[in-house]
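*Asks:* Structure: structure-v6.cif, mmCIF, C-alpha atoms.
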data_entry
#
loop_
_atom_site.label_atom_id
_atom_site.label_comp_id
_atom_site.auth_asym_id
_atom_site.auth_seq_id
_atom_site.Cartn_x
_atom_site.Cartn_y
_atom_site.Cartn_z
CA MET A 1 14.06 5.31 28.94
CA ASP A 2 10.95 6.33 30.81
CA ARG A 3 7.98 4.02 31.15
CA GLY A 4 5.56 6.16 29.09
CA LYS A 5 7.91 6.26 26.11
CA THR A 6 8.46 2.50 26.32
CA GLN A 7 4.72 1.89 26.41
CA THR A 8 4.17 4.20 23.44
CA GLN A 9 6.83 2.38 21.44
CA LEU A 10 5.31 -0.97 22.38
CA LEU A 11 1.87 0.26 21.32
CA ARG A 12 3.31 1.45 18.01
CA LEU A 13 5.14 -1.83 17.36
CA THR A 14 2.07 -3.89 18.27
CA SER A 15 -0.13 -1.75 16.01
CA ILE A 16 2.29 -2.15 13.12
CA GLY A 17 2.20 -5.92 13.60
CA ILE A 18 -1.59 -5.87 13.62
CA PHE A 19 -1.71 -3.85 10.38
CA ALA A 20 0.70 -6.30 8.72
CA ALA A 21 -1.44 -9.23 9.88
CA LEU A 22 -4.62 -7.52 8.61
CA SER A 23 -3.02 -7.06 5.22
CA ILE A 24 -2.14 -10.77 5.02
CA VAL A 25 -5.62 -11.79 6.21
CA MET A 26 -7.16 -9.60 3.51
CA LEU A 27 -5.07 -11.43 0.91
CA LEU A 28 -6.22 -14.78 2.23
CA VAL A 29 -9.90 -14.01 2.83
CA ILE A 30 -10.77 -11.63 0.00
CA PRO A 31 -9.67 -13.16 -3.30
CA GLY A 32 -7.99 -10.92 -5.86
CA ILE A 33 -10.41 -9.72 -8.51
CA PRO A 34 -8.98 -10.28 -12.01
CA PHE A 35 -8.87 -7.42 -14.48
CA PRO A 36 -9.76 -9.02 -17.87
CA PRO A 37 -8.04 -6.47 -20.17
CA ALA A 38 -4.74 -7.28 -18.41
CA PRO A 39 -5.09 -10.77 -16.91
CA PHE A 40 -1.85 -10.52 -14.92
CA LEU A 41 -3.41 -7.73 -12.81
CA LYS A 42 -5.73 -8.41 -9.87
CA TYR A 43 -7.37 -5.98 -7.50
CA ASP A 44 -6.85 -6.67 -3.81
CA MET A 45 -7.28 -4.57 -0.69
CA ALA A 46 -4.04 -5.61 1.01
CA ASP A 47 -2.61 -2.09 0.66
CA VAL A 48 -5.39 -0.55 2.78
CA PRO A 49 -3.93 -1.54 6.19
CA ILE A 50 -0.44 -0.66 4.95
CA LEU A 51 -1.61 2.81 3.91
CA VAL A 52 -3.43 3.33 7.21
CA ALA A 53 -0.31 2.37 9.17
CA SER A 54 1.84 4.72 7.09
CA LEU A 55 -0.59 7.59 7.70
CA LEU A 56 -0.82 6.90 11.44
CA TYR A 57 2.79 5.94 12.15
CA GLY A 58 4.81 7.37 9.28
CA PRO A 59 6.41 6.24 6.03
CA VAL A 60 9.03 3.98 7.64
CA ALA A 61 6.31 1.92 9.34
CA GLY A 62 4.46 1.67 6.03
CA ILE A 63 7.55 0.54 4.12
CA VAL A 64 8.45 -2.07 6.77
CA ILE A 65 4.94 -3.54 6.63
CA LEU A 66 4.94 -3.37 2.83
CA VAL A 67 8.18 -5.32 2.52
CA ILE A 68 7.02 -7.99 4.99
CA VAL A 69 3.60 -8.37 3.37
CA SER A 70 5.05 -8.34 -0.16
CA ALA A 71 7.50 -11.10 0.75
CA ILE A 72 4.76 -13.27 2.27
CA GLN A 73 2.52 -12.59 -0.72
CA ALA A 74 5.18 -13.20 -3.38
CA PHE A 75 6.90 -16.23 -1.86
CA GLY A 76 4.00 -17.81 -0.03
CA ILE A 77 0.39 -16.88 -0.70
CA ILE A 78 0.37 -15.98 -4.39
CA GLY A 79 3.75 -17.34 -5.37
CA ASP A 80 4.63 -14.73 -7.98
CA GLY A 81 8.25 -14.71 -6.78
CA ILE A 82 10.85 -11.99 -6.92
CA ILE A 83 9.20 -10.14 -9.81
CA GLY A 84 5.84 -9.97 -8.01
CA PHE A 85 7.64 -8.87 -4.85
CA PHE A 86 9.51 -6.11 -6.68
CA MET A 87 6.43 -4.86 -8.57
CA HIS A 88 4.30 -4.77 -5.42
CA VAL A 89 6.97 -2.93 -3.41
CA VAL A 90 7.53 -0.36 -6.17
CA ALA A 91 3.83 0.34 -6.83
CA SER A 92 2.75 0.44 -3.21
CA SER A 93 5.79 2.45 -2.08
CA VAL A 94 4.79 5.28 -4.37
CA LEU A 95 1.17 4.98 -3.22
CA LEU A 96 2.05 5.22 0.48
CA LEU A 97 5.10 7.49 0.51
CA ILE A 98 3.44 10.52 -1.08
CA PRO A 99 0.56 10.87 1.41
CA ALA A 100 2.65 9.75 4.40
CA LEU A 101 5.37 12.32 3.69
CA LEU A 102 2.88 15.09 2.94
CA THR A 103 0.88 14.51 6.12
CA ARG A 104 4.08 14.36 8.19
CA ARG A 105 4.95 17.84 6.88
CA ARG A 106 1.43 19.27 7.09
CA PRO A 107 -1.05 17.25 9.14
CA GLY A 108 -4.69 17.63 8.19
CA ARG A 109 -7.56 15.93 6.43
CA VAL A 110 -7.34 17.91 3.21
CA VAL A 111 -3.59 17.36 2.89
CA MET A 112 -4.06 13.66 3.65
CA PHE A 113 -6.70 13.18 0.94
CA VAL A 114 -4.75 15.28 -1.58
CA GLY A 115 -1.70 13.16 -0.78
CA LEU A 116 -3.70 9.95 -1.19
CA GLY A 117 -4.94 11.14 -4.59
CA LEU A 118 -1.42 12.12 -5.65
CA GLY A 119 -0.17 8.75 -4.40
CA ALA A 120 -2.70 6.91 -6.59
CA VAL A 121 -1.72 9.00 -9.62
CA GLY A 122 1.98 8.58 -8.82
CA MET A 123 1.55 4.82 -8.60
CA ALA A 124 -0.19 4.71 -12.00
CA VAL A 125 2.56 6.82 -13.59
CA ALA A 126 5.41 4.80 -12.04
CA MET A 127 3.84 1.55 -13.13
CA ILE A 128 3.77 2.64 -16.79
CA PHE A 129 7.55 2.42 -16.83
CA PHE A 130 7.79 -0.73 -14.69
CA ASN A 131 5.08 -2.56 -16.63
CA LEU A 132 6.91 -1.86 -19.87
CA LEU A 133 10.23 -2.92 -18.36
CA ILE A 134 9.34 -5.87 -16.11
CA THR A 135 5.98 -7.33 -17.19
CA PRO A 136 7.36 -8.90 -20.41
CA LEU A 137 9.84 -10.86 -18.25
CA TYR A 138 7.20 -12.80 -16.36
CA THR A 139 4.28 -12.89 -18.80
CA GLY A 140 6.28 -13.88 -21.86
CA LEU A 141 4.45 -11.18 -23.82
CA GLU A 142 6.33 -8.89 -26.17
CA ARG A 143 6.96 -5.35 -24.97
CA SER A 144 4.84 -4.07 -27.89
CA VAL A 145 1.88 -6.14 -26.63
CA ILE A 146 2.32 -4.68 -23.14
CA ALA A 147 2.56 -1.19 -24.66
CA GLY A 148 -0.78 -1.81 -26.37
CA MET A 149 -2.24 -2.78 -23.00
CA LEU A 150 -1.06 0.42 -21.29
CA PRO A 151 -4.41 2.25 -21.33
CA PRO A 152 -6.20 -0.50 -19.34
CA ILE A 153 -3.11 -0.97 -17.13
CA ILE A 154 -3.12 2.75 -16.29
CA LEU A 155 -6.88 2.63 -15.65
CA PHE A 156 -6.45 -0.41 -13.39
CA ASN A 157 -3.67 1.25 -11.37
CA LEU A 158 -5.69 4.45 -11.00
CA MET A 159 -8.76 2.49 -9.88
CA LYS A 160 -6.83 0.22 -7.49
CA GLY A 161 -4.76 3.05 -6.03
CA GLY A 162 -7.72 5.41 -5.82
CA LEU A 163 -10.09 2.93 -4.20
CA ASN A 164 -7.51 1.68 -1.70
CA ALA A 165 -6.46 5.26 -0.92
CA ALA A 166 -10.05 6.39 -0.34
CA ILE A 167 -10.79 3.45 1.96
CA ALA A 168 -7.52 3.97 3.83
CA GLY A 169 -8.25 7.68 4.25
CA LEU A 170 -11.66 7.00 5.76
CA VAL A 171 -10.31 4.28 8.06
CA THR A 172 -7.47 6.57 9.15
CA LEU A 173 -9.91 9.34 10.04
CA ALA A 174 -11.87 6.87 12.15
CA LEU A 175 -8.77 5.47 13.90
CA GLN A 176 -6.84 8.70 14.56
CA PRO A 177 -8.79 9.70 17.69
CA LEU A 178 -8.43 6.20 19.15
CA VAL A 179 -4.67 6.10 18.50
CA GLN A 180 -4.24 9.58 20.01
CA ARG A 181 -6.21 8.56 23.13
CA LEU A 182 -4.14 5.40 23.54
CA VAL A 183 -0.88 7.34 23.21
CA ARG A 184 -2.05 9.93 25.75
CA ARG A 185 -2.90 7.14 28.22
CA THR A 186 0.57 5.63 27.94
CA LEU A 187 2.36 8.91 28.61
#
Could you quickly redo this structure as structure tokens?
*Replies:*
Amino acid sequence: MDRGKTQTQLLRLTSIGIFAALSIVMLLVIPGIPFPPAPFLKYDMADVPILVASLLYGPVAGIVILVIVSAIQAFGIIGDGIIGFFMHVVASSVLLLIPALLTRRRPGRVVMFVGLGLGAVGMAVAMIFFNLLITPLYTGLERSVIAGMLPPIILFNLMKGGLNAAIAGLVTLALQPLVQRLVRRTL
């Protein structure tokens, strides 16, 4: 393997580690904001670095970071266990895969922001099903109670996904030139 390719891979791996660390730091430093209509939901910005990494380095990088961060969050920081881990991975996978896959196929700002919007909507739609199926297991609430809470749950997921996607899109636009310069220097 030539030296430039090795350096590029090292830069990519290091960047992915930094994005994972940023996500964890955001969980620790910026407390989750509770959503009163559905008290088991909290807004946090931990998905922003994960989304940025997936847009810069592809969906596999995003999923790897997501799984690592979700495990640390579920079994360490927040302690919501396997159910919290599963719900975070499912919701955030939809949020990051749609824009990451779209921008891999057709790079560009418009496609990226359309993909981010579709990712936020996709997350909200996917979580309708998973909230009805899984949320009763860990809240102890009846499925009918959760069904009655669906409008605020959908609103929360749209707001969380939309806000995190918008921030990630702006950060990605700011970082893309820097990442491209660094990659050019290593080649």
*Asks:* Return the single residue from A:Phe156, A:Phe130, A:Phe35, A:Tyr43 that is closest to Phe86 in chain A, with distances computed using only C-alpha atoms.
*Replies:*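 Checking each candidate against Phe86 in chain A, we get A:Phe130 as the closest.
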*Asks:* If we count all atoms listed in the file and set the cut-off at 12 Å, which residues sit around Glu142 in chain A, ignoring sequence neighbours fewer than 6 positions away in its own chain? Please answer as a list in words.
*Replies:*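 That gives Asn131, Leu132, Leu133, Ile134, Thr135, Pro136, Gly148 and Met149 of chain A.
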*Asks:* Could you turn the residues from that selection into a file that holds C-alpha atoms, as a PDB file, keeping the file's coordinate frame?
*Replies:*
ATOM      1  CA  ASN A 131       5.080  -2.560 -16.630  1.00  0.00           C
ATOM      2  CA  LEU A 132       6.910  -1.860 -19.870  1.00  0.00           C
ATOM      3  CA  LEU A 133      10.230  -2.920 -18.360  1.00  0.00           C
ATOM      4  CA  ILE A 134       9.340  -5.870 -16.110  1.00  0.00           C
ATOM      5  CA  THR A 135       5.980  -7.330 -17.190  1.00  0.00           C
ATOM      6  CA  PRO A 136       7.360  -8.900 -20.410  1.00  0.00           C
ATOM      7  CA  GLY A 148      -0.780  -1.810 -26.370  1.00  0.00           C
ATOM      8  CA  MET A 149      -2.240  -2.780 -23.000  1.00  0.00           C
TER       9      MET A 149
END
*Asks:* State, in Å with one decimal place, the distance from CA of Leu66 in chain A to CA of Ile128 in chain A.
*Replies:*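 Those two atoms sit 20.6 Å apart.
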*Asks:* Please tabulate, as JSON lines, the residues of range 46-91 of chain A that come within 12 Å of range 170-182 of chain A, each with its closest pair of atoms and the distance in Å to one decimal, counting only C-alpha atoms and ordering rows by chain, then residue number upward.
*Replies:*
{"residue": "A:Val48", "atom": "CA", "partner": "A:Val171", "partner_atom": "CA", "distance": 8.7}
{"residue": "A:Pro49", "atom": "CA", "partner": "A:Val171", "partner_atom": "CA", "distance": 8.8}
{"residue": "A:Ile50", "atom": "CA", "partner": "A:Thr172", "partner_atom": "CA", "distance": 10.9}
{"residue": "A:Leu51", "atom": "CA", "partner": "A:Thr172", "partner_atom": "CA", "distance": 8.7}
{"residue": "A:Val52", "atom": "CA", "partner": "A:Thr172", "partner_atom": "CA", "distance": 5.5}
{"residue": "A:Ala53", "atom": "CA", "partner": "A:Thr172", "partner_atom": "CA", "distance": 8.3}
{"residue": "A:Ser54", "atom": "CA", "partner": "A:Thr172", "partner_atom": "CA", "distance": 9.7}
{"residue": "A:Leu55", "atom": "CA", "partner": "A:Thr172", "partner_atom": "CA", "distance": 7.1}
{"residue": "A:Leu56", "atom": "CA", "partner": "A:Gln176", "partner_atom": "CA", "distance": 7.0}
{"residue": "A:Tyr57", "atom": "CA", "partner": "A:Val179", "partner_atom": "CA", "distance": 9.8}
*Asks:* Written as a ChimeraX atom specification, which residues does the PyMOL selection byres ((chain A and resi 122) around 12) give for the file shown?
*Replies:* /A:90-99,114-121,123-129,154,157-158,161-162
*Asks:* In Å, rounded to a single decimal, give me how far CA of Ser144 in chain A is from CA of Ala38 in chain A.
*Replies:*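 About the pair CA of Ala38 in chain A and CA of Ser144 in chain A: they are 13.9 Å apart.
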*Asks:* Pick the closest to Asp44 in chain A from A:Ile78, A:Val60, A:Val110, A:Ile18: which is it, counting only C-alpha atoms?
*Replies:*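 The answer is A:Ile78, which sits nearest to Asp44 in chain A.
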*Asks:* Kindly resolve the PyMOL selection byres ((chain A and resi 20-24) around 6) on the present coordinates and return the residues as number ranges by chain.
*Replies:* A: 17-19, 25-27, 46, 49, 65
*Asks:* For the structure provided, state which residues fall under the PyMOL selection byres ((chain A and resi 85) around 9), and present them as a list of chain:residue names.
*Replies:* A:Val67, A:Ser70, A:Ala71, A:Ile72, A:Gln73, A:Ala74, A:Phe75, A:Asp80, A:Gly81, A:Ile82, A:Ile83, A:Gly84, A:Phe86, A:Met87, A:His88, A:Val89, A:Val90
*Asks:* Which centre and which edge lengths, in Å to one decimal, describe the axis-aligned box that holds all listed atoms of range 99-104 of chain A after 4 Å is added on each side, as AutoDock Vina command-line options?
*Replies:*
--center_x 3.0 --center_y 12.4 --center_z 4.8 --size_x 12.8 --size_y 13.3 --size_z 14.8
*Asks:* CA of Arg106 in chain A to CA of Thr6 in chain A: how many Å, to one decimal?
*Replies:*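 Distance reported for this atom pair: 26.5 Å.
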*Asks:* When you count all atoms listed in the file, which of these residues is closest to Ile167 in chain A: A:Pro107, A:Phe113, A:Ile33, A:Val69?
*Replies:*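 Nearest candidate to Ile167 in chain A out of A:Pro107, A:Phe113, A:Ile33, A:Val69: A:Phe113.
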